[in-house]
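Some notes on the structure that comes next.
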Amino acid sequence: MEISPTALALLGLLLAAWTLGAAIMVLRASAAVRAAEGSRRASKRLGRMVDESPAVPLLVRVDGRIEAPERLASWLGLDRMPGYLSELDAGSYGIETAQLALLDEHVRRAQKTATPFRMVVTPRGTTTSLAVHGHLADPAVSPGGAALVWFFDFSDTQIELAQLRADTARAKSDFAALVGLIEAAPMPMWFRGPDAKLRLVNSAYVDAVGASDADAVVEGQIELIEAADGLTAAQIAEQARTQDRAIERDVTATVGGQRRTFRVSDLPLGKEGVAGYAVDIEDMEEQARAFRAFREAQRSMLDQLSVGVAQFDGRRMLTFANQPFQRIFALPASAMIDPPHFDRFLDLARDAQRVPESRDFPAWRRELGGWFAAGTPAEDAWPLSDGTHLRIVAQPMPDGGLVLVAEDRTEQLALSATRDTLLRTRTATFDSLFESLAVFAPDAKLQLWNRRFVADWGLEADFLDGHPHIETLLGEVKKKLARPEQAKAIGDVVRAATLDRKRKSGRAALADGRTLEFAGVPLPDGNGLLTVLDITDSQKAESALRERNAALEEADAVKTRFLANMSYEFRTPLTSIGGFAELLQSGVAGEISPQGQDYISAILDSVARLGEQIENVLDLSQSEAGLLPLDLVDVELLPFVTGIVRDRETAIGAAGLSLDLRGDKTAGVVKADRRRLGRALGHLLDNAIAATPAGGKILVDLARMKSGARIVVSDNGRGMTQAEAARALDGTKIAPDGKSPERRQGLGLPLARQLIEAHGGRLQLLSEKGAGTTVSVLLP
């Protein structure tokens, strides 16, 4: 059968199409196989990853059936995984009933409300701790509202947590103990954070700053330590933290109202912050200051001694030498700047020829070095080449050092050589004195006496050579006294001088008519000196002088009475003269010519002046005798002084003067005799008018003082020297020979002073030649 070409062509096309389709199908099948293989491997990998993961899933369906890997069964202590959730409680193994019931409840809630949950279960018979996290499963995992529960084995983590809890508890306990220790510490302590702000303070800190509690300190950032050198305490703590080194400093702070010194330490604690504490070293500083002051005072005192003192330390280095020591051994100034060794000191002293000559100086120096190790003090005498004699005392110290004392005894030896000469000189001096002298020891035995003592008491020299006791001596003295009982007074004087160390004196009359005056004087050496003086002649002269003084006092009293009587006697004729002159002036005897009127006025003026002088003399004599009567009344000073000034307006104007009266009613009132106080102030004002040239000025000032009233009368007149002012107050002037007082030169100032003092006041006179005079009256 012959096939047509067309059919063959179609058949070829069909065959080609089928071949192509088959090829496509083979390719697609091959791709599907490869995809399935990839999915299988991915599924196997994911399953392996789940097996290796720290969590195991449990799928719980709505009907309670479960799906989970066998790994979860080993965690729960089961041989295999059961089919239902309720079968996870296998009695001796699996989840405990209560925990399973709680798990079931959480699963049901998650299935119904999609509420996730967390819980912890511990399978029976194991120490495994499983964390359970559950939630509603994704529909792609299990449609129909299944719950997916993940189990995490955190047993190792739980152990670590338990260990951490134990460590935390121990750390808390240690921290509590540390906090308690810090809180109980007597010194202020604090902690600052990285920002250098206070975070923790103890009670001592709170008390030191006077705060209510620690929270108040932290909240207010109350600093105990004040800023120093421009840096606050926080800034210094920041320096300690940034430099990562402790900073210690001594600062002062006010605690309890007192300034005290603290040693403050800031200790960096890495990034945590800075701890600090303050130790009160005020007492230690005070002791150090006291020790330094004591040492300086001791060294200053040693410099005042004439004895040389030096101190060497345990290394045998010179640490101190007072000025006498440096002077004795001619030490250079550099010796105190660069202190030498003991051996070097001896070398320097040898160079200055301040040590004794020695044949073997090194051996001698080594011998002296043994003083440092000696158990007892050593003493040596050093005669020097220049004639100086030194006494050396070496006192070893407990610290291995040495105190060296050098005393220059050259003068003592010289004094010892002249002692006998001085004793002989003293004996000769005693014997040449006019007074009787005797020296008694503290045991009341006679030690020394002079020849005058033997003569005054009429004693035997051989008796005194036995150095008798005072009682034995008084037994002989009694025989010479007019009244033997007076011997006891002599014994009391000696005992007062020797035992009581007091001065005491007395008198004794001898039987031969002489009078002896005796006195006891304590001597610095503990002995007592008895001095006896024959006052027979001086007593007679004293009696004569007393009689003469009594006669002079009687004459002065007669003079006072005479002046008083004469003053009264002068008043009667003066009154008559004044009365008749006034009658003539009034025209009773007829008309008087102008010239007669002038004569009568002159008579009246003279009578007034003479009457005033008589009153002055009478007041002065009565005042000097202490017999001046005063009629004391209340006197208001301002109008009283104003009246005295106005009475002298005419005299002031005639003299060409100006007067300035200062004062007001605050001057007050005084108790005074108006007439006599007015006379005293009038005399002061009259003297100022008389002493001030034309054109001058007079000042009268009234003022109230604390103790009374003050009245000042001042002028710018010719003034007086100090000597002239003193004589003016006494009322005398110097005779032409310049030596003896001649007479009273005026009664004004003396009378004014007497009248002021009679009122209990005081008058002060200040004057300068060419500048004027100021008189101050102070009245109580």
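Chain labels A, B, ... are given in the sequence in which chains occur in the structure tokens; within each chain residues are numbered consecutively from 1, and ligands are likewise numbered from 1 in the order shown.
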Which polymer residues have any atom within 10 Å of an atom of range 407-422 of chain A, counting only C-alpha atoms, with same-chain residues fewer than 4 positions away left out, as a VMD selection string?
chain A and resid 306 to 309 324 to 325 328 381 to 383 387 to 393 426 to 428
Pick out each residue of range 259-301 of chain A that DSSP on the backbone tags as alpha helix (DSSP H); I need them as a PyMOL selection string.
chain A and resi 282-301
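CA of Ala140 in chain A lies 27.1 Å from CA of Trp75 in chain A.
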Find the residues around Ser505 in chain A up to 10 Å (only C-alpha atoms counted), leave out those fewer than 5 positions away in its own chain, and share them as a PDB file with N, CA and C atoms, in the first residue's frame.
```pdb
ATOM      1  N   ALA A 489      60.132  89.021 171.721  1.00  0.00           N
ATOM      2  CA  ALA A 489      59.889  89.733 170.471  1.00  0.00           C
ATOM      3  C   ALA A 489      61.077  89.573 169.522  1.00  0.00           C
ATOM      4  N   ILE A 490      62.291  89.562 170.076  1.00  0.00           N
ATOM      5  CA  ILE A 490      63.480  89.374 169.229  1.00  0.00           C
ATOM      6  C   ILE A 490      63.472  87.976 168.621  1.00  0.00           C
ATOM      7  N   ASP A 492      60.817  86.162 167.983  1.00  0.00           N
ATOM      8  CA  ASP A 492      59.760  86.109 166.966  1.00  0.00           C
ATOM      9  C   ASP A 492      60.233  86.705 165.642  1.00  0.00           C
ATOM     10  N   VAL A 493      61.041  87.775 165.708  1.00  0.00           N
ATOM     11  CA  VAL A 493      61.552  88.407 164.486  1.00  0.00           C
ATOM     12  C   VAL A 493      62.479  87.443 163.737  1.00  0.00           C
ATOM     13  N   VAL A 494      63.349  86.737 164.491  1.00  0.00           N
ATOM     14  CA  VAL A 494      64.274  85.798 163.850  1.00  0.00           C
ATOM     15  C   VAL A 494      63.511  84.630 163.223  1.00  0.00           C
ATOM     16  N   ALA A 496      60.391  84.647 162.175  1.00  0.00           N
ATOM     17  CA  ALA A 496      59.641  85.137 161.011  1.00  0.00           C
ATOM     18  C   ALA A 496      60.530  85.234 159.781  1.00  0.00           C
ATOM     19  N   GLU A 517      66.634  99.358 167.843  1.00  0.00           N
ATOM     20  CA  GLU A 517      65.589  98.969 166.888  1.00  0.00           C
ATOM     21  C   GLU A 517      66.118  97.773 166.096  1.00  0.00           C
ATOM     22  N   PHE A 518      65.335  96.697 166.032  1.00  0.00           N
ATOM     23  CA  PHE A 518      65.788  95.488 165.344  1.00  0.00           C
ATOM     24  C   PHE A 518      64.749  95.094 164.282  1.00  0.00           C
ATOM     25  N   ALA A 519      65.241  94.391 163.243  1.00  0.00           N
ATOM     26  CA  ALA A 519      64.373  93.947 162.148  1.00  0.00           C
ATOM     27  C   ALA A 519      64.919  92.650 161.577  1.00  0.00           C
ATOM     28  N   GLY A 520      64.010  91.779 161.163  1.00  0.00           N
ATOM     29  CA  GLY A 520      64.391  90.515 160.539  1.00  0.00           C
ATOM     30  C   GLY A 520      64.090  90.553 159.045  1.00  0.00           C
ATOM     31  N   VAL A 521      65.058  90.142 158.238  1.00  0.00           N
ATOM     32  CA  VAL A 521      64.926  90.158 156.774  1.00  0.00           C
ATOM     33  C   VAL A 521      65.255  88.761 156.242  1.00  0.00           C
ATOM     34  N   LEU A 530      69.287  89.454 160.908  1.00  0.00           N
ATOM     35  CA  LEU A 530      68.830  90.290 162.018  1.00  0.00           C
ATOM     36  C   LEU A 530      69.681  91.548 162.043  1.00  0.00           C
ATOM     37  N   THR A 531      69.037  92.703 161.831  1.00  0.00           N
ATOM     38  CA  THR A 531      69.746  93.986 161.882  1.00  0.00           C
ATOM     39  C   THR A 531      69.337  94.705 163.161  1.00  0.00           C
ATOM     40  N   VAL A 532      70.320  95.312 163.804  1.00  0.00           N
ATOM     41  CA  VAL A 532      70.080  96.029 165.061  1.00  0.00           C
ATOM     42  C   VAL A 532      70.710  97.405 164.938  1.00  0.00           C
TER      43      VAL A 532
END
```
Asp89 in chain A environment, 12 Å, only C-alpha atoms, sequence neighbours closer than 2 positions dropped, as number ranges by chain:
A: 73, 76-78, 81-82, 84-87, 91-101, 103-104, 121-124
Please produce an output containing N, CA, C and O atoms for each residue in the selection, written as a compact mmCIF listing (two decimals), in the first residue's frame.
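Saved as result-v7.txt:
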```
# COMPACT_ATOMS: atom_id res chain seq x y z
N ALA A 73 8.76 12.90 74.89
CA ALA A 73 8.46 11.79 75.81
C ALA A 73 9.61 11.56 76.77
O ALA A 73 9.40 11.30 77.97
N LEU A 76 9.52 14.08 79.44
CA LEU A 76 8.46 13.88 80.43
C LEU A 76 8.61 12.57 81.18
O LEU A 76 7.80 12.25 82.05
N GLY A 77 9.67 11.79 80.88
CA GLY A 77 9.89 10.53 81.58
C GLY A 77 9.00 9.41 81.09
O GLY A 77 8.79 8.42 81.80
N LEU A 78 8.43 9.51 79.83
CA LEU A 78 7.53 8.51 79.28
C LEU A 78 8.30 7.63 78.28
O LEU A 78 9.31 8.07 77.70
N MET A 81 5.24 8.79 73.26
CA MET A 81 4.25 9.84 73.35
C MET A 81 2.86 9.22 73.27
O MET A 81 2.58 8.41 72.36
N PRO A 82 1.93 9.55 74.17
CA PRO A 82 0.57 9.05 74.11
C PRO A 82 -0.21 9.77 73.00
O PRO A 82 0.29 10.71 72.39
N TYR A 84 -3.30 11.25 73.49
CA TYR A 84 -4.14 12.35 73.99
C TYR A 84 -3.40 13.13 75.09
O TYR A 84 -2.53 12.60 75.77
N LEU A 85 -3.85 14.38 75.26
CA LEU A 85 -3.23 15.27 76.26
C LEU A 85 -3.42 14.72 77.65
O LEU A 85 -2.52 14.81 78.49
N SER A 86 -4.58 14.14 77.94
CA SER A 86 -4.84 13.65 79.29
C SER A 86 -3.96 12.49 79.68
O SER A 86 -3.81 12.16 80.86
N GLU A 87 -3.33 11.82 78.68
CA GLU A 87 -2.50 10.66 78.97
C GLU A 87 -1.06 11.06 79.30
O GLU A 87 -0.21 10.19 79.54
N GLY A 91 0.94 8.46 86.05
CA GLY A 91 1.06 7.94 87.42
C GLY A 91 2.40 8.28 88.03
O GLY A 91 2.56 9.32 88.67
N SER A 92 3.38 7.43 87.81
CA SER A 92 4.71 7.65 88.38
C SER A 92 5.56 8.56 87.50
O SER A 92 6.62 9.01 87.93
N TYR A 93 5.12 8.77 86.28
CA TYR A 93 5.88 9.59 85.35
C TYR A 93 4.93 10.60 84.71
O TYR A 93 3.71 10.56 84.91
N GLY A 94 5.52 11.44 83.88
CA GLY A 94 4.73 12.43 83.18
C GLY A 94 4.48 13.67 84.02
O GLY A 94 5.13 13.92 85.04
N ILE A 95 3.50 14.43 83.59
CA ILE A 95 3.19 15.71 84.25
C ILE A 95 2.27 15.44 85.42
O ILE A 95 1.33 14.63 85.33
N GLU A 96 2.48 16.13 86.53
CA GLU A 96 1.64 15.97 87.71
C GLU A 96 0.22 16.36 87.37
O GLU A 96 -0.04 17.18 86.47
N THR A 97 -0.71 15.79 88.13
CA THR A 97 -2.13 15.97 87.85
C THR A 97 -2.52 17.44 87.88
O THR A 97 -3.22 17.93 86.99
N ALA A 98 -2.08 18.14 88.91
CA ALA A 98 -2.47 19.55 89.05
C ALA A 98 -1.91 20.38 87.91
O ALA A 98 -2.59 21.25 87.33
N GLN A 99 -0.64 20.13 87.57
CA GLN A 99 -0.03 20.89 86.50
C GLN A 99 -0.67 20.55 85.15
O GLN A 99 -0.87 21.44 84.30
N LEU A 100 -1.04 19.23 84.95
CA LEU A 100 -1.69 18.83 83.70
C LEU A 100 -3.06 19.48 83.58
O LEU A 100 -3.47 19.92 82.50
N ALA A 101 -3.80 19.56 84.70
CA ALA A 101 -5.11 20.21 84.68
C ALA A 101 -4.97 21.69 84.32
O ALA A 101 -5.77 22.23 83.54
N LEU A 103 -2.51 22.93 82.57
CA LEU A 103 -2.12 22.99 81.17
C LEU A 103 -3.34 22.80 80.26
O LEU A 103 -3.51 23.50 79.26
N ASP A 104 -4.19 21.85 80.63
CA ASP A 104 -5.38 21.60 79.85
C ASP A 104 -6.28 22.83 79.81
O ASP A 104 -6.84 23.18 78.76
N VAL A 121 6.42 23.44 84.27
CA VAL A 121 6.05 22.12 84.77
C VAL A 121 7.33 21.37 85.10
O VAL A 121 8.37 21.58 84.47
N THR A 122 7.22 20.49 86.08
CA THR A 122 8.33 19.63 86.47
C THR A 122 7.83 18.19 86.43
O THR A 122 6.98 17.78 87.24
N PRO A 123 8.28 17.36 85.47
CA PRO A 123 7.80 15.97 85.38
C PRO A 123 8.12 15.20 86.65
O PRO A 123 9.12 15.47 87.34
N ARG A 124 7.27 14.19 86.92
CA ARG A 124 7.47 13.39 88.12
C ARG A 124 8.77 12.62 88.00
O ARG A 124 9.16 12.16 86.94
```
Taking the DSSP secondary structure from the backbone, can you list the residues of range 219-378 of chain A that are strand (DSSP E or B), as an MDAnalysis selection string?
chainID A and resid 228 231 247:255 258:268 274:280 308:312 317:321 341 378
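Counting from CA of Arg514 in chain A, the distance to CA of Ala482 in chain A is 9.4 Å.
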Extract, using only C-alpha atoms, all DNA, RNA and protein residues at most 10 Å from range 367-370 of chain A, discarding same-chain residues fewer than 6 positions from it, and format them as JSON, numbers by chain.
{"A": [316, 342, 343, 346, 361, 378, 394, 396, 402]}
Atoms to include: C-alpha atoms. Write the selected residues as a tab-separated table (two decimals), in the first residue's frame.
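To be explicit, this is the file written out as selection_27.tsv:
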```tsv
chain	number	residue	atom	x	y	z
A	316	ARG	CA	74.48	59.57	115.28
A	342	PHE	CA	79.10	62.52	115.66
A	343	ASP	CA	82.59	61.65	114.43
A	346	LEU	CA	84.48	65.76	116.94
A	361	PHE	CA	92.66	60.92	118.54
A	378	ALA	CA	78.81	59.31	131.32
A	394	ALA	CA	76.55	62.22	127.85
A	396	PRO	CA	72.14	57.86	126.04
A	402	LEU	CA	72.57	60.74	122.64
```
Quick one, how far is CA of Ala321 in chain A from CA of Ala363 in chain A?
24.9 Å
